[in-house]
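K.L.:
I'm passing along input_18.txt; it holds compact mmCIF, C-alpha atoms.
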# COMPACT_ATOMS: atom_id res chain seq x y z
CA MET U 1 -24.03 -16.80 -11.37
CA GLU U 2 -20.68 -15.00 -11.60
CA LEU U 3 -19.58 -12.13 -9.40
CA LEU U 4 -18.43 -8.94 -11.10
CA ASP U 5 -15.39 -8.59 -8.85
CA GLY U 6 -14.60 -4.88 -8.46
CA LYS U 7 -11.70 -5.60 -6.11
CA TYR U 8 -9.97 -7.77 -8.69
CA LEU U 9 -10.56 -5.30 -11.54
CA ALA U 10 -9.44 -2.33 -9.44
CA ARG U 11 -6.21 -4.11 -8.53
CA GLN U 12 -5.58 -4.93 -12.19
CA ILE U 13 -6.24 -1.38 -13.40
CA LYS U 14 -4.10 0.13 -10.64
CA GLU U 15 -1.20 -2.02 -11.83
CA GLU U 16 -1.76 -0.77 -15.38
CA ILE U 17 -1.85 2.87 -14.21
CA ALA U 18 1.31 2.40 -12.11
CA GLU U 19 3.12 1.01 -15.16
CA GLU U 20 2.00 3.98 -17.25
CA VAL U 21 3.15 6.44 -14.57
CA ALA U 22 6.55 4.74 -14.44
CA ALA U 23 6.81 4.98 -18.23
CA LEU U 24 5.91 8.68 -18.14
CA LEU U 25 8.58 9.37 -15.51
CA SER U 26 11.20 7.45 -17.50
CA LYS U 27 10.57 9.88 -20.36
CA GLY U 28 10.90 12.93 -18.12
CA GLY U 29 7.20 13.40 -17.49
CA LYS U 30 5.61 14.66 -14.27
CA VAL U 31 3.96 12.70 -11.50
CA PRO U 32 0.14 13.03 -11.73
CA HIS U 33 -1.24 15.03 -8.79
CA LEU U 34 -4.78 14.72 -7.41
CA ALA U 35 -6.17 17.05 -4.73
CA ALA U 36 -9.30 16.59 -2.63
CA ILE U 37 -11.27 19.11 -0.57
CA LEU U 38 -12.94 17.52 2.44
CA VAL U 39 -15.42 19.59 4.46
CA GLY U 40 -16.53 18.51 7.92
CA ASP U 41 -16.29 15.09 9.54
CA ASN U 42 -18.84 12.93 7.69
CA PRO U 43 -17.61 9.37 8.44
CA ALA U 44 -18.42 8.00 4.97
CA SER U 45 -16.72 10.93 3.26
CA GLN U 46 -13.62 10.46 5.39
CA VAL U 47 -13.46 6.78 4.39
CA TYR U 48 -13.90 7.62 0.70
CA VAL U 49 -11.19 10.28 0.75
CA ARG U 50 -8.83 8.03 2.70
CA ASN U 51 -9.30 5.33 0.06
CA LYS U 52 -8.58 7.84 -2.70
CA VAL U 53 -5.38 9.03 -1.01
CA LYS U 54 -4.24 5.42 -0.47
CA SER U 55 -5.02 4.57 -4.10
CA CYS U 56 -2.93 7.53 -5.27
CA GLU U 57 0.03 6.18 -3.30
CA GLN U 58 -0.45 2.72 -4.80
CA VAL U 59 -0.18 3.96 -8.39
CA GLY U 60 2.59 6.51 -7.83
CA PHE U 61 0.48 9.70 -7.85
CA HIS U 62 0.98 12.69 -5.60
CA SER U 63 -2.08 13.57 -3.53
CA THR U 64 -3.08 16.60 -1.48
CA LEU U 65 -5.89 16.61 1.07
CA ILE U 66 -7.35 20.01 1.99
CA ARG U 67 -9.54 19.79 5.10
CA ARG U 68 -11.91 22.45 6.33
CA PRO U 69 -14.42 22.43 9.24
CA SER U 70 -18.12 21.97 8.55
CA ASP U 71 -18.78 25.68 9.16
CA VAL U 72 -16.40 26.82 6.41
CA SER U 73 -17.80 29.68 4.34
CA GLN U 74 -18.78 29.49 0.70
CA ALA U 75 -16.32 32.32 -0.05
CA GLU U 76 -13.39 30.41 1.46
CA LEU U 77 -14.17 27.28 -0.54
CA LEU U 78 -14.49 29.30 -3.74
CA HIS U 79 -11.08 30.84 -3.00
CA ILE U 80 -9.55 27.37 -2.52
CA ILE U 81 -11.08 26.18 -5.79
CA GLN U 82 -9.67 29.14 -7.68
CA GLU U 83 -6.22 28.50 -6.21
CA LEU U 84 -6.37 24.87 -7.36
CA ASN U 85 -7.62 25.94 -10.79
CA HIS U 86 -4.53 28.09 -11.25
CA ASP U 87 -1.98 25.77 -9.60
CA PRO U 88 0.05 24.14 -12.43
CA GLY U 89 1.17 21.40 -10.06
CA ILE U 90 -2.38 20.11 -9.54
CA ASP U 91 -3.70 18.05 -12.46
CA GLY U 92 -7.19 17.48 -11.08
CA PHE U 93 -9.19 17.90 -7.92
CA ILE U 94 -12.49 16.97 -6.33
CA VAL U 95 -14.82 18.50 -3.78
CA GLN U 96 -15.98 15.54 -1.71
CA LEU U 97 -19.77 15.27 -1.46
CA PRO U 98 -22.09 15.60 0.37
CA LEU U 99 -21.52 19.14 1.64
CA PRO U 100 -23.11 20.87 4.66
CA ASP U 101 -26.49 22.46 3.91
CA HIS U 102 -25.23 26.06 4.00
CA LEU U 103 -22.92 25.45 1.01
CA ASP U 104 -24.21 25.70 -2.57
CA GLU U 105 -22.99 22.60 -4.36
CA GLU U 106 -23.97 23.92 -7.80
CA THR U 107 -22.02 27.17 -7.41
CA LEU U 108 -18.94 25.30 -6.23
CA THR U 109 -19.14 22.79 -9.10
CA LEU U 110 -19.45 25.59 -11.65
CA ALA U 111 -16.33 27.24 -10.20
CA ILE U 112 -14.14 24.22 -10.99
CA ASP U 113 -12.09 24.43 -14.19
CA PRO U 114 -13.57 21.71 -16.47
CA ALA U 115 -10.02 20.68 -17.39
CA LYS U 116 -9.40 19.80 -13.71
CA ASP U 117 -12.89 18.40 -12.99
CA VAL U 118 -11.80 14.78 -12.61
CA ASP U 119 -15.11 13.92 -10.90
CA GLY U 120 -16.79 14.69 -14.24
CA PHE U 121 -19.59 16.73 -12.63
CA HIS U 122 -19.10 20.09 -14.36
CA PRO U 123 -21.78 20.89 -16.99
CA VAL U 124 -19.06 21.15 -19.65
CA ASN U 125 -17.98 17.55 -19.03
CA MET U 126 -21.57 16.36 -18.67
CA GLY U 127 -22.50 18.07 -21.94
CA ARG U 128 -19.49 16.65 -23.77
CA MET U 129 -20.42 13.20 -22.45
CA ALA U 130 -23.98 13.53 -23.74
CA LEU U 131 -22.62 14.49 -27.18
CA GLY U 132 -20.12 11.65 -27.24
CA MET U 133 -17.14 14.02 -27.12
CA PRO U 134 -13.91 13.38 -25.16
CA CYS U 135 -14.42 14.28 -21.50
CA TYR U 136 -13.90 13.14 -17.94
CA LEU U 137 -16.70 10.67 -17.28
CA PRO U 138 -18.39 10.72 -13.86
CA ALA U 139 -16.46 8.18 -11.82
CA THR U 140 -19.19 5.68 -10.92
CA PRO U 141 -20.72 5.42 -14.43
CA CYS U 142 -17.18 5.15 -15.81
CA GLY U 143 -16.52 2.28 -13.39
CA ILE U 144 -19.70 0.51 -14.50
CA ILE U 145 -18.77 0.83 -18.18
CA GLU U 146 -15.26 -0.46 -17.49
CA THR U 147 -16.64 -3.42 -15.52
CA LEU U 148 -19.00 -4.41 -18.35
CA ARG U 149 -16.20 -4.02 -20.90
CA ARG U 150 -13.62 -6.06 -19.03
CA TYR U 151 -16.06 -8.89 -18.32
CA GLY U 152 -17.13 -8.93 -21.98
CA ILE U 153 -20.81 -8.36 -21.21
CA ALA U 154 -22.69 -7.50 -24.40
CA THR U 155 -24.84 -4.36 -24.31
CA ALA U 156 -25.70 -3.78 -27.99
CA GLY U 157 -29.40 -4.37 -28.56
CA LYS U 158 -29.99 -5.27 -24.92
CA GLU U 159 -32.79 -3.94 -22.72
CA VAL U 160 -31.29 -1.95 -19.85
CA VAL U 161 -33.24 -0.54 -16.92
CA VAL U 162 -31.56 2.10 -14.77
CA VAL U 163 -33.30 2.66 -11.43
CA GLY U 164 -32.41 6.12 -10.11
CA ARG U 165 -32.01 9.41 -12.00
CA SER U 166 -29.28 11.28 -10.09
CA ASN U 167 -26.85 13.48 -11.99
CA ILE U 168 -24.00 11.48 -10.47
CA VAL U 169 -25.02 7.95 -11.52
CA GLY U 170 -28.46 7.27 -12.99
CA THR U 171 -28.72 9.92 -15.70
CA PRO U 172 -25.12 9.65 -16.98
CA ILE U 173 -25.07 5.84 -17.10
CA SER U 174 -28.35 5.87 -19.03
CA ILE U 175 -26.73 8.18 -21.60
CA LEU U 176 -23.51 6.18 -21.83
CA LEU U 177 -25.25 2.85 -22.36
CA SER U 178 -27.60 4.24 -25.02
CA ARG U 179 -25.01 6.00 -27.19
CA LYS U 180 -22.97 4.36 -29.95
CA GLY U 181 -19.88 2.51 -28.76
CA PRO U 182 -18.32 -0.79 -27.71
CA VAL U 183 -20.21 -0.65 -24.38
CA GLY U 184 -23.40 1.00 -25.59
CA ASP U 185 -26.08 0.66 -28.26
CA ALA U 186 -28.53 -0.52 -25.61
CA THR U 187 -32.19 0.36 -25.34
CA VAL U 188 -32.36 2.13 -21.99
CA THR U 189 -35.31 2.82 -19.69
CA LEU U 190 -34.66 5.30 -16.88
CA CYS U 191 -36.87 4.64 -13.85
CA HIS U 192 -37.21 6.66 -10.65
CA SER U 193 -39.34 7.30 -7.56
CA ARG U 194 -42.36 8.31 -9.67
CA THR U 195 -42.21 5.28 -11.96
CA ALA U 196 -45.43 3.26 -11.85
CA ASN U 197 -45.11 -0.54 -11.69
CA LEU U 198 -41.33 -0.63 -11.45
CA ALA U 199 -41.28 -4.44 -11.63
CA GLU U 200 -42.88 -4.37 -15.08
CA HIS U 201 -39.83 -2.54 -16.34
CA THR U 202 -37.15 -4.48 -14.46
CA LEU U 203 -38.59 -7.86 -15.49
CA ARG U 204 -37.93 -6.88 -19.13
CA ALA U 205 -34.32 -5.97 -18.45
CA ASP U 206 -31.30 -7.88 -19.63
CA ILE U 207 -29.22 -5.50 -17.48
CA ILE U 208 -30.38 -3.67 -14.34
CA VAL U 209 -28.43 -0.78 -12.81
CA ALA U 210 -29.76 -0.09 -9.30
CA SER U 211 -28.77 3.31 -7.90
CA VAL U 212 -31.56 4.52 -5.64
CA GLY U 213 -29.76 4.54 -2.28
CA SER U 214 -32.32 2.36 -0.53
CA PRO U 215 -31.61 -1.19 0.72
CA ASN U 216 -33.28 -4.17 -0.94
CA THR U 217 -35.26 -2.11 -3.45
CA ILE U 218 -34.66 -4.71 -6.17
CA THR U 219 -36.05 -8.08 -5.07
CA ALA U 220 -35.97 -11.50 -6.69
CA ASP U 221 -39.49 -11.21 -8.15
CA MET U 222 -38.35 -8.11 -10.08
CA VAL U 223 -35.49 -9.82 -11.95
CA LYS U 224 -35.74 -12.21 -14.89
CA PRO U 225 -33.50 -15.31 -15.01
CA GLY U 226 -30.11 -14.65 -16.54
CA ALA U 227 -30.14 -10.88 -16.01
CA VAL U 228 -26.99 -8.87 -15.28
CA VAL U 229 -27.39 -6.78 -12.12
CA ILE U 230 -25.18 -3.80 -11.28
CA ASP U 231 -25.74 -2.69 -7.67
CA VAL U 232 -24.52 0.86 -7.04
CA GLY U 233 -26.07 1.26 -3.59
CA ILE U 234 -24.06 1.34 -0.37
CA ASN U 235 -26.43 1.37 2.61
CA ARG U 236 -25.68 0.93 6.28
CA ILE U 237 -28.13 -1.25 8.20
CA ASP U 238 -28.07 -2.19 11.87
CA ASP U 239 -26.73 -5.64 12.64
CA PRO U 240 -26.02 -6.46 16.30
CA THR U 241 -24.16 -9.62 15.22
CA ALA U 242 -21.58 -7.58 13.29
CA ALA U 243 -18.44 -6.33 15.03
CA ARG U 244 -19.24 -2.71 14.20
CA GLY U 245 -22.95 -3.05 14.96
CA TYR U 246 -23.89 -2.58 11.30
CA ARG U 247 -23.21 -4.01 7.86
CA LEU U 248 -23.18 -2.63 4.35
CA VAL U 249 -25.75 -3.74 1.79
CA GLY U 250 -26.69 -2.55 -1.67
CA ASP U 251 -29.96 -1.57 -3.31
CA VAL U 252 -30.43 -5.20 -4.37
CA ASP U 253 -31.56 -8.10 -2.17
CA PHE U 254 -28.36 -9.96 -2.96
CA PRO U 255 -29.00 -13.34 -1.25
CA ASN U 256 -32.26 -13.85 -3.14
CA VAL U 257 -31.50 -12.05 -6.41
CA SER U 258 -28.02 -13.44 -7.10
CA PRO U 259 -29.11 -17.06 -7.85
CA LYS U 260 -31.23 -15.73 -10.73
CA CYS U 261 -28.43 -13.68 -12.32
CA SER U 262 -25.78 -14.43 -14.91
CA PHE U 263 -23.60 -11.68 -13.40
CA ILE U 264 -24.00 -9.48 -10.32
CA THR U 265 -21.85 -6.99 -8.40
CA PRO U 266 -21.33 -7.60 -4.68
CA VAL U 267 -21.65 -4.88 -2.03
CA PRO U 268 -19.08 -4.08 -0.83
CA GLY U 269 -16.39 -5.07 -3.33
CA GLY U 270 -18.15 -4.13 -6.55
CA VAL U 271 -18.90 -0.75 -8.08
CA GLY U 272 -17.36 1.24 -5.21
CA GLN U 273 -13.89 -0.11 -5.94
CA MET U 274 -14.25 0.83 -9.62
CA THR U 275 -15.39 4.36 -8.75
CA VAL U 276 -12.08 5.15 -7.07
CA VAL U 277 -10.11 3.64 -9.96
CA SER U 278 -12.08 5.73 -12.47
CA LEU U 279 -11.03 8.87 -10.60
CA LEU U 280 -7.40 7.77 -11.03
CA MET U 281 -7.98 7.18 -14.75
CA ASN U 282 -9.39 10.70 -15.13
CA THR U 283 -6.47 12.19 -13.21
CA LEU U 284 -3.97 10.38 -15.43
CA SER U 285 -5.78 11.79 -18.50
CA ALA U 286 -5.65 15.26 -16.95
CA SER U 287 -1.92 14.92 -16.31
CA LYS U 288 -1.29 13.83 -19.90
CA LYS U 289 -3.66 16.57 -21.18
CA THR U 290 -5.27 14.08 -23.54
CA ILE U 291 -8.69 15.76 -23.41
CA TYR U 292 -8.21 19.48 -22.92
CA GLY U 293 -4.66 19.93 -24.22
Using structure tokens, write down the structure that the file contains.

P.N.:
Amino acid sequence: MELLDGKYLARQIKEEIAEEVAALLSKGGKVPHLAAILVGDNPASQVYVRNKVKSCEQVGFHSTLIRRPSDVSQAELLHIIQELNHDPGIDGFIVQLPLPDHLDEETLTLAIDPAKDVDGFHPVNMGRMALGMPCYLPATPCGIIETLRRYGIATAGKEVVVVGRSNIVGTPISILLSRKGPVGDATVTLCHSRTANLAEHTLRADIIVASVGSPNTITADMVKPGAVVIDVGINRIDDPTAARGYRLVGDVDFPNVSPKCSFITPVPGGVGQMTVVSLLMNTLSASKKTIYG
């Protein structure tokens, strides 16, 4: 069993991005600039945004954090989005999810200029992805693809089972792995909460992508020997022996599943690290205008 080390890959890619930023500046180019809108005080969201800001500093990007209280109005957020859309100094921006219940996530996403949608959630980018056209890929699926590519894991002709059908992870990664390409050409089965006999599907899989948001959903009896397992889940479970009173686990029962695998991502230290790096990659593309001109 070999760990798919997201920390190592993220460090390597950040170095590559920093070198490219330095080269751009030496030729008179601009510093890439990423903005983030953070609503409320969700602890996980604050950690994610803090990591994104820190990562921007590490690669030489500018970053702007726009904070608003949890009772911010839809109209105010739409106004902020329009200002960012028209600000030539901002190359890309994100609206950190989840949002409070009174805010309409779909309306806010649709308001973002697709050319600045570095999260890759706008229907224009999702549609271009489905058609195999240049676009900003959703950050977590992009991170998974990059992990498979850099570890040289073959996908062509392989059986892949994706567990979870969200628009953020499950659906896009199923599309990316099934389309033609260096990390693609797989036969993909998309499973979800209504799938009957989930184990029958996962036991066929050469590669499993688990993204259901529920701890220990994938157990050892659901994985065939030699499978590659990509664990997208980040779940907090109580642990009185831990310093913080809890620990983070994935959607996969790692201690029991990992001995059966050829490759597996750890949690933490796996896909999450690559998600942040993918956001940086999209922002660099936005700054260079390689997709939308």

K.L.:
Could you list, as a compact mmCIF listing (two decimals) with C-alpha atoms, in the frame of the given file, every residue within 9 Å of Val249 of chain U, counting all atoms listed in the file and ignoring same-chain residues fewer than 4 positions away?

P.N.:
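Generated output (result.txt):
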# COMPACT_ATOMS: atom_id res chain seq x y z
CA PRO U 215 -31.61 -1.19 0.72
CA ASN U 216 -33.28 -4.17 -0.94
CA GLY U 233 -26.07 1.26 -3.59
CA ILE U 234 -24.06 1.34 -0.37
CA ASN U 235 -26.43 1.37 2.61
CA ARG U 236 -25.68 0.93 6.28
CA ILE U 237 -28.13 -1.25 8.20
CA ASP U 253 -31.56 -8.10 -2.17
CA PHE U 254 -28.36 -9.96 -2.96
CA PRO U 266 -21.33 -7.60 -4.68
CA VAL U 267 -21.65 -4.88 -2.03
CA PRO U 268 -19.08 -4.08 -0.83

K.L.:
How far is it from atom CA of Pro69 of chain U to atom CA of Asp41 of chain U, in Å with one decimal?

P.N.:
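Atom-to-atom, atom CA of Pro69 of chain U and atom CA of Asp41 of chain U are spaced 7.6 Å apart.
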
K.L.:
Could you check which of U:Ala210, U:Val183, U:Val31, U:Ile66 is closest to Arg149 of chain U, using only C-alpha atoms?

P.N.:
U:Val183

K.L.:
Determine, counting only C-alpha atoms, which protein, DNA and RNA residues have an atom within 6 Å of an atom of Val118 of chain U; residues of the same chain fewer than 3 positions away are not included. Present the result as a list in words.

P.N.:
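Residues near the query, excluding close chain neighbours: Gly92, Tyr136, Asn282 and Thr283 of chain U.
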
K.L.:
Mind checking which residues fall within 7 Å of Asp91 of chain U, counting all atoms listed in the file, ignoring those fewer than 5 positions away in the same chain, and posting them as a ChimeraX atom specification?

P.N.:
/U:32-34,116,283,286-287

K.L.:
Under the rule that all atoms listed in the file are counted, which of U:Pro123, U:His201, U:Ile175, U:Thr147 is the nearest residue to Lys7 of chain U?

P.N.:
U:Thr147

K.L.:
Which is closest to Ser211 of chain U among U:Leu99, U:Leu25, U:Leu248, U:Leu190, if we use all atoms listed in the file?

P.N.:
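Smallest separation from Ser211 of chain U among the options: U:Leu190.
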
K.L.:
Go through U:Pro141, U:Gly40, U:Pro88, U:Gly152 and flag the residue nearest Leu177 of chain U, using only C-alpha atoms for the distances.

P.N.:
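Ranked by minimum distance to Leu177 of chain U, first place goes to U:Pro141.
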
K.L.:
Could you check which of U:Gly269, U:Gly250, U:Pro172, U:Gly29 is closest to Leu131 of chain U, using only C-alpha atoms?

P.N.:
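Of all the options, U:Pro172 lies closest to Leu131 of chain U.
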